[in-house]
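Novice: For reference, the file final04.cif (mmCIF, C-alpha atoms and all ligand atoms) is included below:
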```cif
data_query
#
loop_
_atom_site.label_atom_id
_atom_site.label_comp_id
_atom_site.auth_asym_id
_atom_site.auth_seq_id
_atom_site.Cartn_x
_atom_site.Cartn_y
_atom_site.Cartn_z
CA MET M 1 0.00 0.00 0.00
CA ASN M 2 1.20 3.50 -0.81
CA LYS M 3 2.32 5.61 2.10
CA ASN M 4 0.51 8.87 2.68
CA ILE M 5 2.46 12.14 2.97
CA ARG M 6 2.68 12.01 6.76
CA GLU M 7 3.96 8.44 6.76
CA ALA M 8 6.64 9.35 4.20
CA MET M 9 7.68 12.29 6.38
CA GLU M 10 7.83 10.05 9.44
CA GLU M 11 10.23 7.84 7.58
CA ARG M 12 12.41 10.79 6.59
CA GLU M 13 12.45 11.91 10.23
CA ALA M 14 13.55 8.43 11.38
CA ASN M 15 16.37 8.40 8.81
CA TYR M 16 17.57 11.93 9.43
CA LEU M 17 17.08 12.89 13.10
CA SER M 18 19.55 12.13 15.89
CA PRO M 19 19.07 8.91 17.89
CA HIS M 20 18.42 11.23 20.86
CA ALA M 21 15.55 13.05 19.14
CA CYS M 22 11.90 12.31 19.84
CA LEU M 23 10.36 10.98 16.61
CA SER M 24 6.80 11.98 15.79
CA ARG M 25 5.81 8.37 15.21
CA ASN M 26 7.04 7.43 18.69
CA SER M 27 4.71 9.91 20.35
CA GLN M 28 2.81 8.42 23.26
CA GLY M 29 -0.35 9.93 21.83
CA ARG M 30 -3.10 12.24 23.03
CA LEU M 31 -5.43 12.30 26.04
CA ARG M 32 -8.32 11.50 23.68
CA PRO M 33 -7.21 9.19 20.83
CA GLU M 34 -7.57 10.73 17.36
CA ASP M 35 -6.82 9.61 13.82
CA GLU M 36 -3.47 10.87 12.53
CA CYS M 37 -3.43 13.67 9.93
CA ASP M 38 -2.55 12.48 6.43
CA VAL M 39 -0.24 15.41 5.60
CA ARG M 40 1.21 16.63 8.92
CA LEU M 41 3.36 14.99 11.57
CA ALA M 42 1.90 14.77 15.09
CA PHE M 43 4.00 17.63 16.50
CA GLN M 44 3.42 19.85 13.45
CA ARG M 45 -0.25 19.44 14.08
CA ASP M 46 0.20 20.45 17.73
CA ARG M 47 2.15 23.54 16.67
CA ASP M 48 -0.66 24.51 14.26
CA ARG M 49 -3.32 24.02 16.93
CA VAL M 50 -1.44 26.35 19.27
CA ILE M 51 -0.99 29.04 16.61
CA HIS M 52 -4.68 28.94 15.67
CA SER M 53 -5.85 29.20 19.29
CA LYS M 54 -7.45 32.33 20.71
CA THR M 55 -5.21 32.24 23.78
CA PHE M 56 -2.15 32.42 21.53
CA ARG M 57 -3.44 35.57 19.83
CA ARG M 58 -4.04 37.22 23.19
CA LEU M 59 -0.33 36.90 24.02
CA LYS M 60 0.27 39.95 21.85
CA HIS M 61 -1.31 42.14 24.53
CA LYS M 62 0.25 40.52 27.58
CA THR M 63 3.18 41.96 29.47
CA GLN M 64 6.65 40.54 29.18
CA VAL M 65 8.31 43.00 31.58
CA PHE M 66 6.86 46.41 30.85
CA LEU M 67 3.14 46.86 31.45
CA ALA M 68 0.98 47.44 28.35
CA PRO M 69 3.91 49.12 26.59
CA THR M 70 3.02 51.81 24.10
CA GLY M 71 6.44 51.76 22.36
CA ASP M 72 6.27 49.62 19.23
CA HIS M 73 9.58 47.88 19.87
CA TYR M 74 9.04 46.44 23.35
CA ARG M 75 8.62 42.72 23.69
CA THR M 76 5.28 41.25 24.59
CA ARG M 77 4.52 37.72 25.66
CA LEU M 78 3.89 36.89 21.99
CA THR M 79 7.27 38.08 20.72
CA HIS M 80 8.87 36.32 23.71
CA VAL M 81 7.51 32.92 22.68
CA LEU M 82 8.50 33.58 19.05
CA GLU M 83 12.07 34.31 20.16
CA VAL M 84 12.11 31.18 22.33
CA ALA M 85 10.87 29.13 19.36
CA GLN M 86 13.50 30.63 17.07
CA ILE M 87 16.35 29.84 19.48
CA ALA M 88 15.05 26.33 20.14
CA ARG M 89 14.75 25.63 16.40
CA THR M 90 18.26 26.88 15.68
CA VAL M 91 19.73 24.54 18.30
CA ALA M 92 17.41 21.66 17.37
CA ALA M 93 18.45 21.92 13.71
CA ALA M 94 22.14 21.86 14.64
CA LEU M 95 21.71 18.85 16.95
CA ARG M 96 19.23 17.11 14.61
CA LEU M 97 16.54 17.16 17.29
CA ASN M 98 12.87 17.39 16.38
CA GLU M 99 12.30 21.04 15.43
CA ASN M 100 8.53 20.59 15.23
CA LEU M 101 8.33 19.30 18.79
CA ALA M 102 10.61 22.06 20.13
CA GLU M 103 8.60 24.71 18.30
CA ALA M 104 5.24 23.41 19.50
CA ILE M 105 6.40 23.42 23.14
CA ALA M 106 8.00 26.87 22.78
CA LEU M 107 4.90 28.48 21.30
CA ALA M 108 2.62 26.91 23.92
CA HIS M 109 4.75 27.21 27.05
CA ASP M 110 3.46 30.61 28.22
CA LEU M 111 -0.22 30.34 27.18
CA GLY M 112 -1.18 30.39 30.86
CA HIS M 113 0.49 33.72 31.62
CA THR M 114 -1.68 36.30 33.33
CA PRO M 115 -2.04 39.97 32.44
CA PHE M 116 0.77 42.11 33.94
CA GLY M 117 3.34 39.31 33.78
CA HIS M 118 4.71 37.79 36.97
CA ALA M 119 2.92 40.45 39.02
CA GLY M 120 -0.37 38.93 37.86
CA GLU M 121 0.89 35.43 38.53
CA SER M 122 1.86 36.20 42.12
CA VAL M 123 -1.45 37.91 42.91
CA LEU M 124 -3.51 34.98 41.55
CA ASN M 125 -1.29 32.63 43.51
CA GLU M 126 -2.20 34.55 46.63
CA LEU M 127 -5.95 34.80 45.86
CA TYR M 128 -6.86 31.45 44.36
CA PRO M 129 -7.24 28.84 47.13
CA ASP M 130 -5.25 26.12 45.30
CA GLY M 131 -2.47 28.52 44.28
CA PHE M 132 -1.55 29.58 40.76
CA ARG M 133 1.48 28.83 38.58
CA HIS M 134 1.58 29.96 34.96
CA TYR M 135 2.98 26.64 33.66
CA GLU M 136 0.10 24.71 35.26
CA GLN M 137 -2.30 27.21 33.72
CA SER M 138 -0.62 26.76 30.29
CA LEU M 139 -1.41 23.05 30.53
CA ARG M 140 -4.95 23.85 31.64
CA VAL M 141 -5.40 26.08 28.58
CA VAL M 142 -4.38 23.35 26.13
CA ASP M 143 -6.13 20.52 28.02
CA ILE M 144 -9.40 22.23 28.95
CA LEU M 145 -9.98 25.93 28.34
CA GLU M 146 -9.38 26.26 24.60
CA LYS M 147 -12.21 25.40 22.22
CA LYS M 148 -14.90 26.24 24.77
CA GLY M 149 -13.82 23.62 27.27
CA ARG M 150 -12.70 20.84 24.93
CA GLY M 151 -9.00 21.78 24.87
CA LEU M 152 -6.52 21.30 22.01
CA ASN M 153 -5.86 17.62 22.79
CA LEU M 154 -2.07 17.89 22.28
CA THR M 155 0.43 15.04 22.42
CA LEU M 156 1.87 13.94 25.76
CA GLU M 157 5.38 15.11 24.71
CA VAL M 158 4.21 18.70 24.12
CA ARG M 159 2.19 18.66 27.35
CA ASP M 160 5.23 17.37 29.27
CA GLY M 161 7.38 20.18 27.81
CA ILE M 162 4.81 22.79 28.85
CA ILE M 163 4.35 21.66 32.45
CA ASN M 164 8.09 21.23 33.04
CA HIS M 165 9.45 24.35 31.30
CA SER M 166 9.77 26.61 34.29
CA LYS M 167 12.86 26.91 36.43
CA GLY M 168 12.32 30.03 38.56
CA LYS M 169 15.64 30.84 40.11
CA SER M 170 16.75 27.18 40.23
CA GLU M 171 19.65 25.42 38.46
CA LEU M 172 19.58 25.61 34.67
CA ILE M 173 21.30 22.34 33.92
CA THR M 174 20.93 19.52 36.36
CA ASP M 175 21.04 15.73 36.38
CA ASP M 176 18.03 15.72 38.65
CA ARG M 177 15.23 14.29 36.48
CA ASP M 178 12.54 15.52 38.83
CA GLY M 179 10.60 18.33 37.17
CA MET M 180 12.65 18.09 33.97
CA PRO M 181 10.98 17.47 30.61
CA ALA M 182 11.30 13.85 29.42
CA THR M 183 12.45 14.78 25.89
CA LEU M 184 15.63 16.63 24.92
CA GLU M 185 13.40 18.96 22.89
CA GLY M 186 11.51 19.87 26.07
CA GLN M 187 14.78 20.44 27.91
CA LEU M 188 15.94 22.60 25.02
CA VAL M 189 12.88 24.85 25.28
CA ARG M 190 13.54 25.22 29.01
CA LEU M 191 17.03 26.54 28.22
CA SER M 192 15.89 28.58 25.19
CA ASP M 193 13.35 30.33 27.43
CA ILE M 194 15.99 31.78 29.74
CA ILE M 195 18.42 32.50 26.89
CA ALA M 196 15.62 34.46 25.19
CA TYR M 197 14.45 36.43 28.19
CA VAL M 198 17.78 37.46 29.71
CA ASN M 199 18.71 38.86 26.31
CA HIS M 200 15.47 40.55 25.30
CA ASP M 201 14.67 41.86 28.78
CA LEU M 202 18.12 43.45 28.92
CA ASP M 203 17.56 44.93 25.47
CA ASP M 204 14.15 46.32 26.50
CA ALA M 205 15.49 47.69 29.79
CA ILE M 206 18.16 49.59 27.84
CA ARG M 207 15.47 50.81 25.44
CA ALA M 208 13.37 51.97 28.40
CA GLY M 209 16.32 53.90 29.85
CA ILE M 210 16.36 51.79 33.03
CA LEU M 211 19.87 50.58 32.21
CA ASP M 212 22.62 51.47 29.81
CA GLU M 213 25.01 49.05 28.10
CA GLU M 214 27.87 50.15 30.38
CA SER M 215 26.01 49.26 33.56
CA VAL M 216 26.10 45.56 32.61
CA PRO M 217 28.94 44.01 34.68
CA ALA M 218 32.22 44.04 32.72
CA ASP M 219 32.89 40.30 33.03
CA ILE M 220 29.51 39.54 31.45
CA ARG M 221 30.14 42.04 28.63
CA ASN M 222 33.66 40.78 28.02
CA LEU M 223 32.51 37.20 27.71
CA LEU M 224 29.24 37.63 25.80
CA GLY M 225 29.81 40.77 23.75
CA ASN M 226 28.43 44.28 23.72
CA THR M 227 25.33 43.97 21.58
CA HIS M 228 22.07 42.07 21.84
CA SER M 229 22.97 39.99 18.81
CA ALA M 230 26.50 39.19 20.08
CA ARG M 231 25.23 38.13 23.51
CA LEU M 232 22.50 35.91 22.09
CA GLY M 233 24.84 34.42 19.50
CA SER M 234 27.48 33.59 22.16
CA MET M 235 24.98 31.64 24.24
CA VAL M 236 23.38 29.74 21.36
CA ARG M 237 26.72 28.82 19.78
CA ASP M 238 28.09 27.65 23.13
CA LEU M 239 25.06 25.42 23.69
CA ILE M 240 25.38 23.87 20.21
CA VAL M 241 29.15 23.30 20.29
CA ASN M 242 29.26 21.81 23.80
CA SER M 243 26.23 19.58 23.22
CA LEU M 244 27.67 18.30 19.92
CA ALA M 245 30.90 17.47 21.77
CA GLU M 246 28.81 14.90 23.66
CA ASP M 247 27.21 13.63 20.45
CA GLY M 248 24.06 15.60 21.19
CA ALA M 249 23.11 13.07 23.87
CA ARG M 250 22.49 15.87 26.36
CA LEU M 251 22.38 19.65 26.42
CA VAL M 252 25.59 21.23 27.69
CA LEU M 253 26.72 24.81 28.26
CA SER M 254 30.33 25.63 29.12
CA GLN M 255 30.84 26.71 32.74
CA PRO M 256 31.78 30.34 31.91
CA ILE M 257 28.68 30.84 29.72
CA LEU M 258 26.43 29.11 32.26
CA THR M 259 27.78 31.41 34.97
CA ALA M 260 27.29 34.46 32.72
CA ILE M 261 23.64 33.52 32.07
CA THR M 262 22.86 33.06 35.77
CA ASP M 263 24.76 36.25 36.66
CA LEU M 264 22.86 38.18 34.00
CA ARG M 265 19.58 36.81 35.35
CA ALA M 266 20.55 37.92 38.90
CA PHE M 267 21.56 41.32 37.52
CA LEU M 268 18.15 41.70 35.81
CA TYR M 269 16.29 40.73 38.97
CA GLU M 270 18.13 43.35 40.94
CA ASN M 271 18.16 46.14 38.38
CA VAL M 272 15.04 45.61 36.29
CA TYR M 273 12.37 43.22 37.63
CA ASP M 274 12.63 44.56 41.18
CA ALA M 275 13.57 48.11 40.14
CA HIS M 276 11.42 50.81 41.64
CA ARG M 277 9.91 52.11 38.38
CA VAL M 278 9.01 48.66 37.06
CA HIS M 279 7.90 47.40 40.45
CA ASN M 280 5.54 50.36 41.00
CA ASP M 281 3.59 49.40 37.91
CA PHE M 282 3.45 45.82 39.18
CA ILE M 283 1.82 46.97 42.42
CA LYS M 284 -0.80 48.92 40.46
CA GLY M 285 -1.47 45.93 38.19
CA GLN M 286 -1.90 43.69 41.22
CA LYS M 287 -4.41 46.07 42.80
CA ILE M 288 -6.50 45.94 39.61
CA LEU M 289 -6.51 42.13 39.47
CA ARG M 290 -7.30 41.85 43.18
CA GLU M 291 -10.37 44.06 42.82
CA LEU M 292 -11.53 42.28 39.67
CA TYR M 293 -11.15 38.91 41.40
CA ASP M 294 -13.31 39.99 44.35
CA TYR M 295 -15.87 41.54 42.02
CA PHE M 296 -16.30 38.39 39.93
CA LEU M 297 -16.74 36.20 42.98
CA GLU M 298 -19.98 38.12 43.50
CA HIS M 299 -21.06 39.24 40.01
CA ASP M 300 -21.91 37.23 36.90
CA GLU M 301 -21.94 40.25 34.64
CA TYR M 302 -19.00 40.15 32.17
CA LEU M 303 -17.84 36.75 33.46
CA ASP M 304 -16.81 34.48 30.58
CA ASP M 305 -19.62 31.95 30.04
CA SER M 306 -18.30 30.52 26.76
CA ILE M 307 -16.49 27.61 28.41
CA ASP M 308 -18.44 24.44 28.98
CA TYR M 309 -17.13 23.66 32.48
CA SER M 310 -17.68 20.41 34.31
CA PRO M 311 -20.36 20.79 37.02
CA GLU M 312 -17.88 20.43 39.90
CA THR M 313 -15.83 23.47 38.76
CA THR M 314 -15.82 26.02 41.57
CA ARG M 315 -16.62 29.70 41.26
CA GLU M 316 -13.05 30.55 42.30
CA ARG M 317 -11.66 28.32 39.54
CA ARG M 318 -13.78 30.04 36.89
CA VAL M 319 -12.82 33.50 38.12
CA CYS M 320 -9.15 32.52 38.23
CA ASP M 321 -9.31 31.19 34.63
CA PHE M 322 -11.12 34.31 33.45
CA ILE M 323 -8.59 36.69 34.98
CA ALA M 324 -5.59 34.62 33.89
CA GLY M 325 -6.87 34.73 30.30
CA MET M 326 -7.20 38.53 30.17
CA THR M 327 -4.81 40.73 28.25
CA ASP M 328 -3.34 43.80 29.99
CA HIS M 329 -5.67 46.03 27.96
CA TYR M 330 -8.76 43.99 28.69
CA ALA M 331 -8.08 44.04 32.44
CA LEU M 332 -7.45 47.80 32.40
CA ASP M 333 -10.58 48.52 30.33
CA LEU M 334 -12.78 46.25 32.41
CA TYR M 335 -11.49 47.81 35.62
CA THR M 336 -12.22 51.29 34.29
CA HIS M 337 -15.67 50.23 33.17
CA ILE M 338 -16.64 48.57 36.45
CA PHE M 339 -15.00 50.78 39.05
CA LEU M 340 -14.52 54.26 37.66
CA PRO M 341 -17.30 56.78 37.18
CA LYS M 342 -17.97 57.95 33.65
CA PRO M 343 -18.03 61.70 33.12
CA TRP M 344 -21.45 62.95 31.98
CA SER M 345 -21.28 64.11 28.43
CA VAL M 346 -23.40 67.12 27.62
CA LYS M 347 -24.67 67.26 24.10
MG MG O 1 8.73 31.92 28.77
#
```
Render the structure in this file as structure tokens.

Specialist:
Amino acid sequence: MNKNIREAMEEREANYLSPHACLSRNSQGRLRPEDECDVRLAFQRDRDRVIHSKTFRRLKHKTQVFLAPTGDHYRTRLTHVLEVAQIARTVAAALRLNENLAEAIALAHDLGHTPFGHAGESVLNELYPDGFRHYEQSLRVVDILEKKGRGLNLTLEVRDGIINHSKGKSELITDDRDGMPATLEGQLVRLSDIIAYVNHDLDDAIRAGILDEESVPADIRNLLGNTHSARLGSMVRDLIVNSLAEDGARLVLSQPILTAITDLRAFLYENVYDAHRVHNDFIKGQKILRELYDYFLEHDEYLDDSIDYSPETTRERRVCDFIAGMTDHYALDLYTHIFLPKPWSVK
């Protein structure tokens, strides 16, 4: 029998990709079994489902670091995930890992982010009785919330990469398998995430006038370079070269570059994320979400009723999902509409 297009592509993948790559045809499948597509590989299909989702489109109006930025060149959560995907694909191509899997995880990993970035995440964590973590919410979006409560039904490998992408302030590379993605592609997205954000957040902080190039510690500048492109290139090249030296069996960064990345992250925490000007906006954003949360516990008006929830879903869960799904603009507009008086217009 003739192979269809997808089956022919699966064979090409098996012949071409590294023995350490996750092949599409070896996927452990989906929560609800589905027929395979005749023209697309399983992970390509996942990537397409993410891109066509409403939650993905809303990322364009969600904060990366700067709240609802009006400057055209600031990153948003959407451009962040595109940069993560680009880095992950570059490394995956060089190591012959599965680019489609890496891209699908990268594009989906932050779907659960709240309005106002980590400020929103911490306030929902405080308000919602079971706590709130954006990576758990990302999984909830793809498993349940998208498509009016049916979810995107993604493969287990993409779901594993989403739930295990976050590292907080913990070790970047570790032999501890606990909390690490099962596939190398998932582990690659985890690293690409931090490589993307330390670079673009630094670039945006310089653009915003919070930092200048010279305030970056000299040892970091000397090692990585003086421009955004040089710094990013140094990290990506180091990851490729050192991983290839171990036959691509695991992801490796040299010790100096690993130290520079963690030092740069610490530098950004101190000088950008916790900086007075940025932090002040965070406090205001948190106040808005806190008041919206309390309001929706009591009021049905405006509450999203498009999702077909299971009967045991609590009011708090619905409110938490609704607020987590908002863009910065939507939260600001809704707050204004609900809580601020409208001036009388005389005609
Ligand atoms: Mg991210």

Novice: Any residue with an atom at most 10 Å from ligand MG 1 (chain O) counts, using all atoms listed in the file. Which are they? Put them as JSON, numbers by chain.

Specialist: {"M": [64, 77, 78, 80, 81, 82, 83, 84, 106, 107, 108, 109, 110, 111, 113, 134, 135, 162, 165, 166, 189, 190, 191, 192, 193, 194, 195, 196, 197]}

Novice: Assuming 3 Å of padding per side, give the centre and edge lengths of the axis-aligned box around every listed atom of stretch 107-115 of chain M, in Å to one decimal and as AutoDock Vina command-line options.

Specialist:
```
--center_x 1.4 --center_y 33.4 --center_z 27.3 --size_x 12.9 --size_y 19.1 --size_z 18.0
```

Novice: Nearest to M:His73: which of M:Lys148, M:Arg159, M:Arg89, M:His200 is it, counting all atoms listed in the file?

Specialist: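 Answer, going by the shortest atom-to-atom distance: M:His200.
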
Novice: Could you check which of M:Glu13, M:Leu41, M:His329, M:Ala94 is closest to M:Val241, using all atoms listed in the file?

Specialist: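 Using all atoms listed in the file, M:Val241 sits closest to M:Ala94.
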
Novice: For M:Pro256, which of M:Asp219, M:Val346, M:Gly225, M:Tyr273 is the closest residue, counting only C-alpha atoms?

Specialist: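 Among M:Asp219, M:Val346, M:Gly225, M:Tyr273, it is M:Asp219 that comes nearest to M:Pro256.
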
Novice: Suppose you want the space between atom CA of M:Arg290 and atom CA of M:Phe339; what is it in Å?

Specialist: 12.5 Å

Novice: State, in Å with one decimal place, the distance from atom CA of M:Tyr74 to atom CA of M:Gln44.

Specialist: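 Calculated distance between atom CA of M:Tyr74 and atom CA of M:Gln44 is 28.9 Å.
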
Novice: Restricting the calculation to only C-alpha atoms, which member of M:His52, M:Thr183, M:Phe66, M:Arg140 is positioned closest to M:Gln28?

Specialist: M:Thr183

Novice: Please identify all polymer residues lying at most 10 Å from the point (-10.9, 15.4, 25.3) (file coordinates), using all atoms listed in the file, and present the result as a list in words.

Specialist: Arg30, Leu31, Arg32, Pro33, Glu34, Asp143, Ile144, Gly149, Arg150, Gly151, Leu152, Asn153 and Leu154 of chain M

Novice: Of the candidates M:Arg315, M:Arg96, M:Arg265, M:Arg207, which shows the shortest atom-to-atom distance to M:Ile220, using only C-alpha atoms?

Specialist: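 Nearest candidate to M:Ile220 out of M:Arg315, M:Arg96, M:Arg265, M:Arg207: M:Arg265.
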
Novice: Considering all atoms listed in the file, state which residue in the set M:Leu251, M:Ile323, M:Leu145, M:Ile257 is at the smallest distance from M:Asp308.

Specialist: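 Looking only at the distances to M:Asp308, the closest residue turns out to be M:Leu145.
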
Novice: Extract stretch 114-124 of chain M from the coordinates I pasted, and write it as a short mmCIF file (atom, residue, chain, number, x, y, z; two decimals), in the first residue's frame (atoms kept: all heavy atoms).

Specialist:
```cif
data_model
loop_
_atom_site.label_atom_id
_atom_site.label_comp_id
_atom_site.auth_asym_id
_atom_site.auth_seq_id
_atom_site.Cartn_x
_atom_site.Cartn_y
_atom_site.Cartn_z
N THR M 114 -0.64 35.35 32.93
CA THR M 114 -1.68 36.30 33.33
C THR M 114 -1.42 37.67 32.68
O THR M 114 -0.34 37.90 32.16
CB THR M 114 -1.59 36.51 34.85
OG1 THR M 114 -0.27 37.01 35.11
CG2 THR M 114 -1.80 35.21 35.61
N PRO M 115 -2.37 38.59 32.78
CA PRO M 115 -2.04 39.97 32.44
C PRO M 115 -0.99 40.48 33.45
O PRO M 115 -0.89 39.95 34.57
CB PRO M 115 -3.36 40.72 32.61
CG PRO M 115 -4.24 39.83 33.42
CD PRO M 115 -3.77 38.44 33.20
N PHE M 116 -0.24 41.46 33.07
CA PHE M 116 0.77 42.11 33.94
C PHE M 116 1.89 41.16 34.38
O PHE M 116 2.47 41.32 35.45
CB PHE M 116 0.12 42.76 35.18
CG PHE M 116 -1.09 43.61 34.85
CD1 PHE M 116 -2.25 43.52 35.59
CD2 PHE M 116 -1.04 44.51 33.79
CE1 PHE M 116 -3.37 44.30 35.29
CE2 PHE M 116 -2.16 45.30 33.48
CZ PHE M 116 -3.33 45.19 34.23
N GLY M 117 2.16 40.16 33.57
CA GLY M 117 3.34 39.31 33.78
C GLY M 117 3.38 38.62 35.14
O GLY M 117 2.35 38.17 35.65
N HIS M 118 4.56 38.54 35.72
CA HIS M 118 4.71 37.79 36.97
C HIS M 118 3.99 38.47 38.13
O HIS M 118 3.68 37.83 39.14
CB HIS M 118 6.18 37.55 37.27
CG HIS M 118 6.78 36.54 36.34
ND1 HIS M 118 6.55 35.18 36.48
CD2 HIS M 118 7.54 36.67 35.23
CE1 HIS M 118 7.15 34.53 35.51
NE2 HIS M 118 7.76 35.41 34.72
N ALA M 119 3.70 39.77 38.00
CA ALA M 119 2.92 40.45 39.02
C ALA M 119 1.52 39.84 39.09
O ALA M 119 0.97 39.61 40.18
CB ALA M 119 2.82 41.94 38.70
N GLY M 120 0.95 39.56 37.92
CA GLY M 120 -0.37 38.93 37.86
C GLY M 120 -0.33 37.52 38.40
O GLY M 120 -1.21 37.08 39.13
N GLU M 121 0.74 36.81 38.06
CA GLU M 121 0.89 35.43 38.53
C GLU M 121 0.94 35.38 40.06
O GLU M 121 0.26 34.57 40.69
CB GLU M 121 2.17 34.83 37.94
CG GLU M 121 2.42 33.40 38.38
CD GLU M 121 3.58 32.75 37.62
OE1 GLU M 121 4.48 33.48 37.15
OE2 GLU M 121 3.58 31.52 37.50
N SER M 122 1.71 36.27 40.66
CA SER M 122 1.86 36.20 42.12
C SER M 122 0.56 36.60 42.82
O SER M 122 0.23 36.06 43.87
CB SER M 122 3.06 37.01 42.61
OG SER M 122 2.84 38.36 42.41
N VAL M 123 -0.21 37.52 42.23
CA VAL M 123 -1.45 37.91 42.91
C VAL M 123 -2.50 36.79 42.79
O VAL M 123 -3.23 36.51 43.75
CB VAL M 123 -1.97 39.29 42.42
CG1 VAL M 123 -2.76 39.20 41.14
CG2 VAL M 123 -2.81 39.96 43.49
N LEU M 124 -2.57 36.11 41.66
CA LEU M 124 -3.51 34.98 41.55
C LEU M 124 -3.09 33.84 42.47
O LEU M 124 -3.93 33.14 43.04
CB LEU M 124 -3.64 34.50 40.11
CG LEU M 124 -4.54 35.31 39.19
CD1 LEU M 124 -4.65 34.63 37.82
CD2 LEU M 124 -5.94 35.50 39.78
#
```
